[in-house]
Amino acid sequence: DVAQAGERFEPLPTVVLVGFDDLTSANTLVELANGYSGLNWSNWVAAHRILYGGPGYVNGTQSGEHVAYNGSGHPAVVSSDEPFDFVGAYVAAAWPGGEQFDVLVQAWRGDDVVYVDRFAPSTKGSVYLDADYRSITRLELRSEANWQIVVDDAEFRLPS
């Protein structure tokens with residue numbers, strides 16, 4: 001946590017849990033569009049958990065049948081002109097090769113990086129990232145070596 005000392009932001013009022021189950025049917029995938037769940041999305045793909053052969057897609061699923069992942073292993077970004085809070089999410093490595101590289105999570109408030117976390121992912125199940133990042137405008141999740149990471153049940157708080 002690199003949030004600036006002395007800054008305190010109250011939690012925003014509207015809780016949004018994003019499970020990615022309302023975007024596509026089985027055996028298809030879809031790129032997340034800006035405006036989904038009140039946020040902007042870049043390089044996020046939602047897919048049925050059994051569409052790919054990677055064990056993290058199945059074992060990283062928390063609810064429903066769908067998850068999201070970072071397309072082509074490149075950074076996935078959530079952003080908004082209005083500040084939002086990132087409460088947390090379940091994150092897994094999609095493929096066994098990705099387990100040897102940390103997931104890097106960064107959040108910005110305007111042009112300033114205010115939060116940074118890193119952790120080792122697994123294909124055997126998700127790691128819950130308990131972030132509680134407040135009043136951010138950009139969130140980036142990525143694998144240090146451009147592997148796909150699987151995300152499910154991401155929780156945000158938005159202004160009312």
# chains A, B, ... in the order shown; residues from 1 in each chain; ligands from 1
>>> closest_atom_pairs(of="segment 52-102 of chain A", to="segment 113-130 of chain A", cutoff="8 Å", atoms="only C-alpha atoms", output="JSON lines")
{"residue": "A:Pro55", "atom": "CA", "partner": "A:Thr123", "partner_atom": "CA", "distance": 5.7}
{"residue": "A:Gly56", "atom": "CA", "partner": "A:Thr123", "partner_atom": "CA", "distance": 4.1}
{"residue": "A:Tyr57", "atom": "CA", "partner": "A:Thr123", "partner_atom": "CA", "distance": 7.9}
{"residue": "A:Asn59", "atom": "CA", "partner": "A:Gly125", "partner_atom": "CA", "distance": 4.8}
{"residue": "A:Gly60", "atom": "CA", "partner": "A:Ser126", "partner_atom": "CA", "distance": 4.9}
{"residue": "A:Thr61", "atom": "CA", "partner": "A:Ser126", "partner_atom": "CA", "distance": 7.7}
{"residue": "A:Val87", "atom": "CA", "partner": "A:Asp130", "partner_atom": "CA", "distance": 6.5}
{"residue": "A:Gly88", "atom": "CA", "partner": "A:Asp130", "partner_atom": "CA", "distance": 4.8}
{"residue": "A:Ala89", "atom": "CA", "partner": "A:Leu129", "partner_atom": "CA", "distance": 5.4}
{"residue": "A:Tyr90", "atom": "CA", "partner": "A:Tyr128", "partner_atom": "CA", "distance": 4.4}
{"residue": "A:Val91", "atom": "CA", "partner": "A:Ser126", "partner_atom": "CA", "distance": 5.0}
{"residue": "A:Ala92", "atom": "CA", "partner": "A:Ser126", "partner_atom": "CA", "distance": 4.5}
{"residue": "A:Ala93", "atom": "CA", "partner": "A:Thr123", "partner_atom": "CA", "distance": 5.0}
{"residue": "A:Ala94", "atom": "CA", "partner": "A:Thr123", "partner_atom": "CA", "distance": 6.0}
{"residue": "A:Trp95", "atom": "CA", "partner": "A:Thr123", "partner_atom": "CA", "distance": 6.4}
{"residue": "A:Pro96", "atom": "CA", "partner": "A:Thr123", "partner_atom": "CA", "distance": 6.2}
{"residue": "A:Gly98", "atom": "CA", "partner": "A:Pro121", "partner_atom": "CA", "distance": 7.7}
{"residue": "A:Glu99", "atom": "CA", "partner": "A:Ser122", "partner_atom": "CA", "distance": 5.4}
{"residue": "A:Gln100", "atom": "CA", "partner": "A:Ala120", "partner_atom": "CA", "distance": 7.4}
{"residue": "A:Phe101", "atom": "CA", "partner": "A:Ala120", "partner_atom": "CA", "distance": 6.7}
{"residue": "A:Asp102", "atom": "CA", "partner": "A:Ala120", "partner_atom": "CA", "distance": 4.6}
>>> write_last_selection(atoms="C-alpha atoms", output="compact mmCIF listing (two decimals), in the first residue's frame")
# COMPACT_ATOMS: atom_id res chain seq x y z
CA PRO A 55 -7.07 -25.70 -14.83
CA GLY A 56 -7.24 -22.17 -13.42
CA TYR A 57 -10.37 -21.43 -15.46
CA ASN A 59 -10.59 -24.01 -10.25
CA GLY A 60 -10.64 -20.20 -10.19
CA THR A 61 -14.41 -20.00 -10.63
CA VAL A 87 -12.76 -4.02 -2.49
CA GLY A 88 -11.20 -7.24 -3.78
CA ALA A 89 -11.42 -10.20 -6.13
CA TYR A 90 -10.61 -13.88 -6.48
CA VAL A 91 -7.59 -14.39 -8.76
CA ALA A 92 -6.01 -17.57 -10.13
CA ALA A 93 -3.35 -18.47 -12.67
CA ALA A 94 -5.04 -19.80 -15.81
CA TRP A 95 -2.22 -22.19 -16.75
CA PRO A 96 0.44 -24.06 -14.72
CA GLY A 98 1.81 -18.87 -14.95
CA GLU A 99 2.13 -20.08 -11.35
CA GLN A 100 5.83 -19.25 -11.25
CA PHE A 101 5.21 -15.53 -11.90
CA ASP A 102 3.59 -13.07 -9.50
>>> residues_around(residues="Ser72 of chain A", least_positions_apart="2", cutoff="7 Å", atoms="only C-alpha atoms", output="ChimeraX atom specification")
/A:70,74,148
>>> write_last_selection(atoms="C-alpha atoms", output="PDB file, in the first residue's frame")
ATOM      1  CA  ASN A  70      -6.705 -10.729 -19.235  1.00  0.00           C
ATOM      2  CA  HIS A  74      -1.521  -8.431 -21.336  1.00  0.00           C
ATOM      3  CA  GLN A 148      -3.452 -15.212 -18.372  1.00  0.00           C
TER       4      GLN A 148
END
>>> select_by_dssp(residues="chain A", states="strand (DSSP E or B)", output="MDAnalysis selection string")
chainID A and resid 14:18 29:31 40:42 44:48 66:70 76:93 103:109 112:119 127:143 149:158
>>> residues_around(residues="Ile50 of chain A", least_positions_apart="4", cutoff="10 Å", atoms="only C-alpha atoms", output="PyMOL selection string")
chain A and resi 26-27+54-58+65-67
>>> write_last_selection(atoms="all heavy atoms", output="tab-separated table (two decimals), in the first residue's frame")
chain	number	residue	atom	x	y	z
A	26	ALA	N	-22.74	-20.48	-22.45
A	26	ALA	CA	-21.69	-21.51	-22.48
A	26	ALA	C	-21.06	-21.58	-23.87
A	26	ALA	O	-21.70	-21.31	-24.88
A	26	ALA	CB	-22.29	-22.85	-22.09
A	27	ASN	N	-19.79	-21.96	-23.89
A	27	ASN	CA	-19.03	-22.19	-25.12
A	27	ASN	C	-18.79	-20.96	-25.97
A	27	ASN	O	-18.54	-21.08	-27.16
A	27	ASN	CB	-19.68	-23.30	-25.96
A	27	ASN	CG	-19.77	-24.59	-25.20
A	27	ASN	OD1	-18.87	-24.94	-24.43
A	27	ASN	ND2	-20.85	-25.31	-25.38
A	54	GLY	N	-7.22	-24.82	-19.51
A	54	GLY	CA	-6.40	-24.44	-18.37
A	54	GLY	C	-7.10	-24.71	-17.05
A	54	GLY	O	-8.26	-24.34	-16.86
A	55	PRO	N	-6.42	-25.35	-16.10
A	55	PRO	CA	-7.07	-25.70	-14.83
A	55	PRO	C	-7.51	-24.49	-14.00
A	55	PRO	O	-8.46	-24.58	-13.24
A	55	PRO	CB	-6.00	-26.52	-14.09
A	55	PRO	CG	-4.71	-26.14	-14.71
A	55	PRO	CD	-5.02	-25.79	-16.14
A	56	GLY	N	-6.86	-23.36	-14.18
A	56	GLY	CA	-7.24	-22.17	-13.42
A	56	GLY	C	-8.61	-21.63	-13.81
A	56	GLY	O	-9.28	-21.00	-12.99
A	57	TYR	N	-9.04	-21.89	-15.04
A	57	TYR	CA	-10.37	-21.43	-15.46
A	57	TYR	C	-11.46	-22.18	-14.68
A	57	TYR	O	-12.47	-21.60	-14.31
A	57	TYR	CB	-10.57	-21.63	-16.96
A	57	TYR	CG	-9.73	-20.71	-17.80
A	57	TYR	CD1	-8.52	-21.14	-18.33
A	57	TYR	CD2	-10.14	-19.41	-18.06
A	57	TYR	CE1	-7.74	-20.29	-19.10
A	57	TYR	CE2	-9.36	-18.55	-18.83
A	57	TYR	CZ	-8.16	-19.00	-19.34
A	57	TYR	OH	-7.39	-18.17	-20.10
A	58	VAL	N	-11.24	-23.46	-14.44
A	58	VAL	CA	-12.20	-24.25	-13.68
A	58	VAL	C	-12.05	-23.99	-12.18
A	58	VAL	O	-13.01	-23.68	-11.49
A	58	VAL	CB	-12.03	-25.76	-13.99
A	58	VAL	CG1	-12.92	-26.59	-13.08
A	58	VAL	CG2	-12.34	-26.04	-15.45
A	65	GLU	N	-20.83	-19.93	-13.68
A	65	GLU	CA	-20.06	-20.74	-14.62
A	65	GLU	C	-19.03	-19.95	-15.40
A	65	GLU	O	-18.30	-20.51	-16.21
A	65	GLU	CB	-21.02	-21.41	-15.62
A	65	GLU	CG	-22.00	-22.38	-14.98
A	65	GLU	CD	-21.31	-23.68	-14.57
A	65	GLU	OE1	-20.48	-24.19	-15.34
A	65	GLU	OE2	-21.62	-24.17	-13.48
A	66	HIS	N	-18.98	-18.62	-15.20
A	66	HIS	CA	-18.12	-17.77	-16.02
A	66	HIS	C	-17.08	-17.04	-15.18
A	66	HIS	O	-17.30	-16.76	-14.00
A	66	HIS	CB	-18.96	-16.75	-16.79
A	66	HIS	CG	-19.87	-17.40	-17.78
A	66	HIS	ND1	-21.07	-17.96	-17.44
A	66	HIS	CD2	-19.72	-17.59	-19.11
A	66	HIS	CE1	-21.64	-18.48	-18.52
A	66	HIS	NE2	-20.84	-18.27	-19.54
A	67	VAL	N	-15.97	-16.71	-15.84
A	67	VAL	CA	-14.89	-15.94	-15.23
A	67	VAL	C	-14.43	-14.91	-16.27
A	67	VAL	O	-14.85	-14.95	-17.42
A	67	VAL	CB	-13.69	-16.84	-14.84
A	67	VAL	CG1	-14.07	-17.79	-13.73
A	67	VAL	CG2	-13.15	-17.60	-16.04
>>> atom_distance(atom1="atom CA of Trp44 of chain A", atom2="atom CA of Asp81 of chain A")
18.5 Å
>>> residues_around(residues="Leu158 of chain A", least_positions_apart="3", cutoff="7 Å", atoms="only C-alpha atoms", output="ChimeraX atom specification")
/A:12-15,84-85
>>> write_last_selection(atoms="C-alpha atoms", output="PDB file, in the first residue's frame")
ATOM      1  CA  LEU A  12     -18.276   4.730  -1.469  1.00  0.00           C
ATOM      2  CA  PRO A  13     -21.965   3.801  -1.027  1.00  0.00           C
ATOM      3  CA  THR A  14     -22.920   1.500  -3.930  1.00  0.00           C
ATOM      4  CA  VAL A  15     -21.543  -2.069  -3.783  1.00  0.00           C
ATOM      5  CA  PHE A  84     -14.323   4.140  -7.355  1.00  0.00           C
ATOM      6  CA  ASP A  85     -13.236   1.658  -4.692  1.00  0.00           C
TER       7      ASP A  85
END
>>> atom_distance(atom1="atom CA of Asn146 of chain A", atom2="atom CA of Leu29 of chain A")
19.8 Å
>>> atom_distance(atom1="atom CA of Ala46 of chain A", atom2="atom CA of Val16 of chain A")
17.0 Å
>>> residues_around(residues="Pro75 of chain A", least_positions_apart="5", cutoff="8 Å", atoms="only C-alpha atoms", output="PDB file with N, CA, C and O atoms, in the first residue's frame")
ATOM      1  N   ASN A  43      -9.132  -4.833 -22.154  1.00  0.00           N
ATOM      2  CA  ASN A  43      -8.438  -6.119 -22.246  1.00  0.00           C
ATOM      3  C   ASN A  43      -8.963  -7.160 -21.251  1.00  0.00           C
ATOM      4  O   ASN A  43      -8.213  -7.952 -20.719  1.00  0.00           O
ATOM      5  N   ASN A  70      -7.404 -11.763 -18.494  1.00  0.00           N
ATOM      6  CA  ASN A  70      -6.705 -10.729 -19.235  1.00  0.00           C
ATOM      7  C   ASN A  70      -6.319 -11.263 -20.621  1.00  0.00           C
ATOM      8  O   ASN A  70      -5.558 -12.204 -20.736  1.00  0.00           O
ATOM      9  N   GLU A 140      -5.102  -1.871 -12.481  1.00  0.00           N
ATOM     10  CA  GLU A 140      -4.469  -2.743 -13.471  1.00  0.00           C
ATOM     11  C   GLU A 140      -4.050  -4.044 -12.808  1.00  0.00           C
ATOM     12  O   GLU A 140      -3.412  -4.028 -11.757  1.00  0.00           O
ATOM     13  N   LEU A 141      -4.419  -5.171 -13.423  1.00  0.00           N
ATOM     14  CA  LEU A 141      -3.994  -6.492 -12.980  1.00  0.00           C
ATOM     15  C   LEU A 141      -3.228  -7.145 -14.121  1.00  0.00           C
ATOM     16  O   LEU A 141      -3.665  -7.085 -15.272  1.00  0.00           O
ATOM     17  N   ARG A 142      -2.095  -7.771 -13.773  1.00  0.00           N
ATOM     18  CA  ARG A 142      -1.315  -8.448 -14.808  1.00  0.00           C
ATOM     19  C   ARG A 142      -0.405  -9.492 -14.191  1.00  0.00           C
ATOM     20  O   ARG A 142      -0.078  -9.439 -13.014  1.00  0.00           O
ATOM     21  N   SER A 143      -0.001 -10.432 -15.034  1.00  0.00           N
ATOM     22  CA  SER A 143       1.029 -11.397 -14.673  1.00  0.00           C
ATOM     23  C   SER A 143       2.375 -10.780 -15.029  1.00  0.00           C
ATOM     24  O   SER A 143       2.502 -10.116 -16.055  1.00  0.00           O
ATOM     25  N   ASN A 146       3.254 -12.060 -18.552  1.00  0.00           N
ATOM     26  CA  ASN A 146       2.212 -12.064 -19.590  1.00  0.00           C
ATOM     27  C   ASN A 146       1.470 -13.389 -19.737  1.00  0.00           C
ATOM     28  O   ASN A 146       1.129 -13.804 -20.839  1.00  0.00           O
TER      29      ASN A 146
END
>>> closest_residue(among="A:Ser79, A:Gln62, A:Asn34, A:Asn40", to="Gly19 of chain A", atoms="only C-alpha atoms")
A:Gln62
>>> closest_residue(among="A:Leu39, A:Val18, A:Ala33, A:Val150", to="Val78 of chain A", atoms="only C-alpha atoms")
A:Leu39
>>> closest_residue(among="A:Gly71, A:Tyr52, A:Arg157, A:Leu104", to="Glu144 of chain A", atoms="only C-alpha atoms")
A:Leu104
